[in-house]
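Coordinates from model.txt are shown below (compact mmCIF, C-alpha atoms).
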```txt
# COMPACT_ATOMS: atom_id res chain seq x y z
CA MET Z 294 0.00 0.00 0.00
CA MET Z 295 2.85 2.38 0.84
CA ILE Z 296 4.41 1.77 -2.58
CA MET Z 297 1.09 2.53 -4.29
CA THR Z 298 0.70 5.74 -2.27
CA ARG Z 299 4.21 6.86 -3.24
CA LEU Z 300 3.53 5.97 -6.88
CA MET Z 301 0.34 8.05 -6.80
CA ARG Z 302 2.24 10.99 -5.28
CA VAL Z 303 4.95 10.74 -7.94
CA ALA Z 304 2.34 10.49 -10.71
CA THR Z 305 0.54 13.54 -9.31
CA THR Z 306 3.82 15.47 -9.09
CA ALA Z 307 4.66 14.51 -12.67
CA ALA Z 308 1.18 15.53 -13.86
CA ILE Z 309 1.48 18.90 -12.12
CA ALA Z 310 4.94 19.45 -13.62
CA ALA Z 311 3.65 18.49 -17.07
CA SER Z 312 0.64 20.76 -16.63
CA ALA Z 313 2.85 23.68 -15.65
CA ALA Z 314 5.14 23.06 -18.62
CA SER Z 315 2.23 22.80 -21.06
CA ALA Z 316 0.74 26.05 -19.72
CA ALA Z 317 4.07 27.79 -20.36
CA VAL Z 318 4.34 26.73 -24.01
CA PRO Z 319 1.21 26.31 -26.13
CA ARG Z 320 1.29 23.05 -28.05
CA ALA Z 321 1.20 23.22 -31.83
CA VAL Z 322 -0.41 19.78 -32.09
CA ARG Z 323 -3.09 18.34 -29.85
CA VAL Z 324 -5.22 15.22 -29.66
CA ASP Z 325 -8.84 15.48 -30.75
CA GLY Z 326 -10.65 12.18 -30.32
CA GLN Z 327 -8.49 9.64 -32.14
CA GLN Z 328 -6.48 12.02 -34.31
CA PHE Z 329 -3.79 14.64 -34.05
CA VAL Z 330 -4.81 18.14 -35.11
CA LEU Z 331 -2.97 21.41 -35.57
CA ALA Z 332 -3.99 23.60 -32.64
CA GLU Z 333 -4.01 26.74 -34.78
CA THR Z 334 -6.32 25.44 -37.54
CA ASN Z 335 -7.92 22.22 -36.19
CA ALA Z 336 -6.75 20.51 -39.39
CA SER Z 337 -5.84 16.82 -39.07
CA VAL Z 338 -2.13 16.08 -39.20
CA VAL Z 339 -0.27 12.80 -39.64
CA LEU Z 340 2.81 12.65 -37.45
CA ALA Z 341 5.78 10.84 -38.94
CA GLY Z 342 9.27 10.47 -37.56
CA PRO Z 343 11.71 8.24 -35.69
CA ASN Z 344 11.95 7.01 -32.13
CA VAL Z 345 14.43 8.91 -29.99
CA VAL Z 346 15.18 6.72 -26.98
CA VAL Z 347 18.23 6.59 -24.71
CA LYS Z 348 17.86 3.31 -22.81
CA GLY Z 349 20.42 3.97 -20.10
CA PRO Z 350 21.72 6.85 -18.02
CA PRO Z 351 21.15 9.74 -18.55
CA TYR Z 352 17.99 8.39 -20.30
CA LEU Z 353 17.47 11.48 -22.49
CA PRO Z 354 19.62 12.73 -25.35
CA SER Z 355 21.70 15.85 -25.08
CA VAL Z 356 21.02 18.65 -27.60
CA SER Z 357 24.75 19.26 -28.02
CA GLY Z 358 26.81 18.59 -31.12
CA SER Z 359 26.46 19.41 -34.79
CA THR Z 360 26.32 16.05 -36.57
CA ILE Z 361 23.38 13.72 -37.12
CA CYS Z 362 22.84 10.59 -35.09
CA ASN Z 363 24.00 7.46 -36.87
CA ASP Z 364 22.88 4.45 -34.82
CA VAL Z 365 24.43 1.11 -35.68
CA VAL Z 366 21.86 -1.61 -35.01
CA ASN Z 367 21.94 -4.79 -37.08
CA ASP Z 368 21.80 -8.57 -36.59
CA GLU Z 369 25.58 -8.86 -36.09
CA CYS Z 370 25.81 -6.28 -33.31
CA LYS Z 371 22.64 -7.66 -31.70
CA ALA Z 372 24.23 -11.13 -31.56
CA LEU Z 373 27.44 -9.70 -30.07
CA GLY Z 374 25.65 -7.22 -27.82
CA ASN Z 375 27.74 -4.28 -29.06
CA CYS Z 376 25.28 -2.11 -30.99
CA SER Z 377 25.91 1.62 -30.70
CA SER Z 378 23.20 4.15 -30.13
CA CYS Z 379 23.22 7.92 -30.06
CA THR Z 380 23.02 9.98 -26.92
CA THR Z 381 22.39 13.27 -28.74
CA PHE Z 382 19.52 14.84 -30.64
CA ASN Z 383 20.45 18.26 -31.97
CA ALA Z 384 19.74 20.84 -34.69
CA ALA Z 385 21.52 18.65 -37.29
CA ASP Z 386 19.13 15.78 -36.47
CA VAL Z 387 16.14 18.13 -36.82
CA ALA Z 388 17.39 19.30 -40.24
CA HIS Z 389 17.83 15.64 -41.25
CA LEU Z 390 14.26 14.83 -40.12
CA LYS Z 391 12.83 17.74 -42.10
CA ALA Z 392 14.87 16.78 -45.21
CA ASN Z 393 13.21 13.34 -45.00
CA GLY Z 394 9.73 14.85 -44.73
CA TRP Z 395 9.28 13.99 -41.06
CA ASN Z 396 7.50 16.30 -38.63
CA SER Z 397 7.75 14.56 -35.25
CA ILE Z 398 9.69 12.31 -32.92
CA ARG Z 399 8.54 9.71 -30.42
CA LEU Z 400 10.61 10.57 -27.35
CA GLY Z 401 11.29 7.83 -24.84
CA VAL Z 402 10.82 9.19 -21.32
CA VAL Z 403 12.05 6.60 -18.85
CA TRP Z 404 10.88 6.61 -15.21
CA ALA Z 405 14.31 5.38 -14.04
CA GLY Z 406 15.80 8.56 -15.49
CA ALA Z 407 13.10 10.90 -14.26
CA GLN Z 408 13.24 9.56 -10.71
CA PRO Z 409 16.49 7.65 -10.16
CA ARG Z 410 16.26 7.99 -6.39
CA ASP Z 411 13.44 7.24 -3.94
CA GLU Z 412 12.42 10.88 -3.54
CA ASP Z 413 9.16 12.79 -3.95
CA ARG Z 414 10.54 14.84 -6.81
CA LEU Z 415 11.81 14.43 -10.33
CA ASP Z 416 15.53 14.59 -11.06
CA PRO Z 417 16.55 18.19 -11.90
CA ALA Z 418 19.22 17.10 -14.42
CA PHE Z 419 16.66 14.91 -16.23
CA LEU Z 420 14.16 17.79 -16.36
CA GLU Z 421 16.87 20.12 -17.66
CA ARG Z 422 17.65 17.71 -20.54
CA LEU Z 423 13.93 17.25 -21.25
CA HIS Z 424 13.29 21.00 -21.40
CA ALA Z 425 16.35 21.58 -23.61
CA LEU Z 426 15.07 18.96 -26.03
CA LEU Z 427 11.51 20.34 -26.01
CA ASP Z 428 12.84 23.88 -26.49
CA LEU Z 429 14.77 22.68 -29.56
CA THR Z 430 11.81 20.82 -31.08
CA ASP Z 431 9.39 23.68 -30.34
CA ARG Z 432 11.76 26.19 -31.94
CA GLU Z 433 12.14 23.97 -35.04
CA GLY Z 434 8.46 23.01 -35.38
CA ILE Z 435 8.91 19.30 -34.61
CA ALA Z 436 6.06 17.66 -32.69
CA VAL Z 437 7.00 15.37 -29.78
CA VAL Z 438 5.02 12.33 -28.69
CA LEU Z 439 6.15 11.45 -25.17
CA ASP Z 440 6.51 7.70 -24.71
CA ASN Z 441 6.63 6.38 -21.13
CA HIS Z 442 9.21 3.87 -22.29
CA GLY Z 443 10.08 0.59 -20.64
CA ASP Z 444 11.58 -2.66 -21.87
CA ALA Z 445 11.54 -5.85 -19.78
CA VAL Z 446 9.77 -3.81 -17.07
CA GLY Z 447 12.92 -2.27 -15.57
CA SER Z 448 16.55 -2.41 -14.51
CA ALA Z 449 16.02 -5.50 -12.35
CA ASN Z 450 15.19 -7.49 -15.51
CA CYS Z 451 18.08 -6.15 -17.61
CA GLY Z 452 15.80 -3.60 -19.22
CA ASN Z 453 14.76 -0.05 -18.52
CA GLY Z 454 11.69 1.70 -17.26
CA ILE Z 455 10.97 1.09 -13.59
CA PRO Z 456 13.79 2.41 -11.38
CA MET Z 457 15.81 -0.12 -9.43
CA TRP Z 458 14.76 1.41 -6.07
CA PHE Z 459 11.09 0.74 -6.91
CA SER Z 460 11.77 -2.84 -8.04
CA GLN Z 461 13.65 -3.48 -4.81
CA LYS Z 462 10.69 -2.26 -2.74
CA ALA Z 463 8.11 -4.14 -4.80
CA SER Z 464 10.04 -7.41 -4.88
CA PRO Z 465 12.97 -7.34 -2.43
CA VAL Z 466 13.72 -11.07 -2.70
CA ARG Z 467 13.93 -11.00 -6.51
CA CYS Z 468 16.14 -7.90 -6.47
CA LEU Z 469 18.49 -8.87 -3.65
CA GLY Z 470 21.61 -8.73 -5.81
CA ALA Z 471 20.20 -6.44 -8.47
CA HIS Z 472 22.68 -3.63 -7.86
CA SER Z 473 25.44 -5.88 -9.12
CA ILE Z 474 23.70 -7.10 -12.28
CA ASN Z 475 26.25 -8.36 -14.77
CA ARG Z 476 25.72 -6.22 -17.89
CA ALA Z 477 27.25 -8.94 -20.11
CA SER Z 478 24.60 -11.31 -18.76
CA CYS Z 479 21.91 -8.74 -19.61
CA ARG Z 480 23.24 -8.44 -23.19
CA HIS Z 481 23.26 -12.25 -23.47
CA HIS Z 482 19.66 -12.56 -22.27
CA ARG Z 483 18.51 -9.82 -24.64
CA ALA Z 484 20.09 -11.70 -27.54
CA HIS Z 485 18.91 -15.13 -26.29
CA PRO Z 486 15.64 -14.52 -24.41
CA ALA Z 487 14.83 -18.24 -24.06
CA SER Z 488 17.97 -19.00 -22.04
CA PRO Z 489 17.60 -19.28 -18.23
CA ARG Z 490 18.54 -16.28 -16.08
```
When written as structure tokens, how does the structure in this file appear?
Amino acid sequence: MMIMTRLMRVATTAAIAASAASAAVPRAVRVDGQQFVLAETNASVVLAGPNVVVKGPPYLPSVSGSTICNDVVNDECKALGNCSSCTTFNAADVAHLKANGWNSIRLGVVWAGAQPRDEDRLDPAFLERLHALLDLTDREGIAVVLDNHGDAVGSANCGNGIPMWFSQKASPVRCLGAHSINRASCRHHRAHPASPR
């Protein structure tokens, strides 16, 4: 019950923070029923663009740099567990999106990044990165669909999403040694999900 109460408080805090942020910057696109519409004209709009997800600390891309992201994800690197992924999303990426006719991104927002510690507040560094990214996309006219992202539930299962501190409270026996998870083991289980943990 205590965990549920804390979760409700965190969700309320996040909703208030989101509400305050949305009041500060009018959204160019909004949801109307089951479609996206331009707020200014009420015309339907189809959002198209890539996923932008950083699946480990700091969990959000930096807006620094001047070159486009060039992820390397293929069958070979998946088998070896050495794929590379970008940790930036900057003006060069926005220009690349626009050149490809895209008008949006799906931004992975990971709870473990937003609240890495068992506190009744969101992480200031995470919020700073989020606002920098939203400032960039707002300035450049790119819509952002926020995705409460989580793979394999959370850190305790070699994924991301639920913070380790929450997993440890919810299932202390399962997470006894979770702080010392072997990352090579996690990569192996991602590549071979049927193998025993």
Exercise for review: For region 402-416 of chain Z, please output as a ChimeraX atom specification all residues within 7 Å (counting only C-alpha atoms; exclusion window: fewer than 3 positions along the same chain).
Suggested key: /Z:303,350-352,419-420,439-443,454-456,458
Find the residues around Ser397 (chain Z) up to 10 Å (all atoms listed in the file counted), leave out those fewer than 4 positions away in its own chain, and share them as a compact mmCIF listing (two decimals) with C-alpha atoms, in the coordinates of the input.
```txt
# COMPACT_ATOMS: atom_id res chain seq x y z
CA VAL Z 339 -0.27 12.80 -39.64
CA LEU Z 340 2.81 12.65 -37.45
CA ALA Z 341 5.78 10.84 -38.94
CA GLY Z 342 9.27 10.47 -37.56
CA PRO Z 343 11.71 8.24 -35.69
CA ASN Z 344 11.95 7.01 -32.13
CA VAL Z 387 16.14 18.13 -36.82
CA LEU Z 390 14.26 14.83 -40.12
CA LYS Z 391 12.83 17.74 -42.10
CA THR Z 430 11.81 20.82 -31.08
CA GLY Z 434 8.46 23.01 -35.38
CA ILE Z 435 8.91 19.30 -34.61
CA ALA Z 436 6.06 17.66 -32.69
CA VAL Z 437 7.00 15.37 -29.78
CA VAL Z 438 5.02 12.33 -28.69
```
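Here CA of Leu423 (chain Z) is placed at a distance of 6.9 Å from CA of Leu353 (chain Z).
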Check your understanding: Any idea what's packed within 9 Å of Arg323 (chain Z), counting only C-alpha atoms, ignoring anything in its chain fewer than 6 positions away? Could you give it as a VMD selection string?
Key -> chain Z and resid 329 to 332 335
**Study point:** Shortest interatomic distance to Asn363 (chain Z) - which of Z:Phe382, Z:Gly349, Z:His424, Z:Ala392, counting only C-alpha atoms
**Key:** Z:Phe382
Practice item. Provide the CA of Ala321 (chain Z) to CA of Gly394 (chain Z) distance in Å, to one decimal place. Key: 17.6 Å
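Here CA of Arg399 (chain Z) is placed at a distance of 6.0 Å from CA of Val345 (chain Z).
Of the residues under consideration (Z:Gly374, Z:Pro465, Z:Pro354, Z:Gly326), Z:Pro354 shows the shortest atom-to-atom contact distance to Ala418 (chain Z) when counting all atoms listed in the file.
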Check your understanding: Counting all atoms listed in the file, what is within 8 Å of Asp386 (chain Z), bar same-chain residues fewer than 3 positions away, as a ChimeraX atom specification?
Key -> /Z:360-362,382-383,389-390
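Within 8 Å of the point (20.8, 0.7, -30.8), counting only C-alpha atoms, the protein and nucleic acid residues come to Asp364, Val365, Val366, Cys376, Ser377, Ser378 and Cys379 of chain Z.
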Would you export the selected residues with C-alpha atoms as a PDB file, in the frame of the given file, please?
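Once everything was written out, this is out-v1.pdb:
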```pdb
ATOM      1  CA  ASP Z 364      22.880   4.450 -34.820  1.00  0.00           C
ATOM      2  CA  VAL Z 365      24.430   1.110 -35.680  1.00  0.00           C
ATOM      3  CA  VAL Z 366      21.860  -1.610 -35.010  1.00  0.00           C
ATOM      4  CA  CYS Z 376      25.280  -2.110 -30.990  1.00  0.00           C
ATOM      5  CA  SER Z 377      25.910   1.620 -30.700  1.00  0.00           C
ATOM      6  CA  SER Z 378      23.200   4.150 -30.130  1.00  0.00           C
ATOM      7  CA  CYS Z 379      23.220   7.920 -30.060  1.00  0.00           C
TER       8      CYS Z 379
END
```
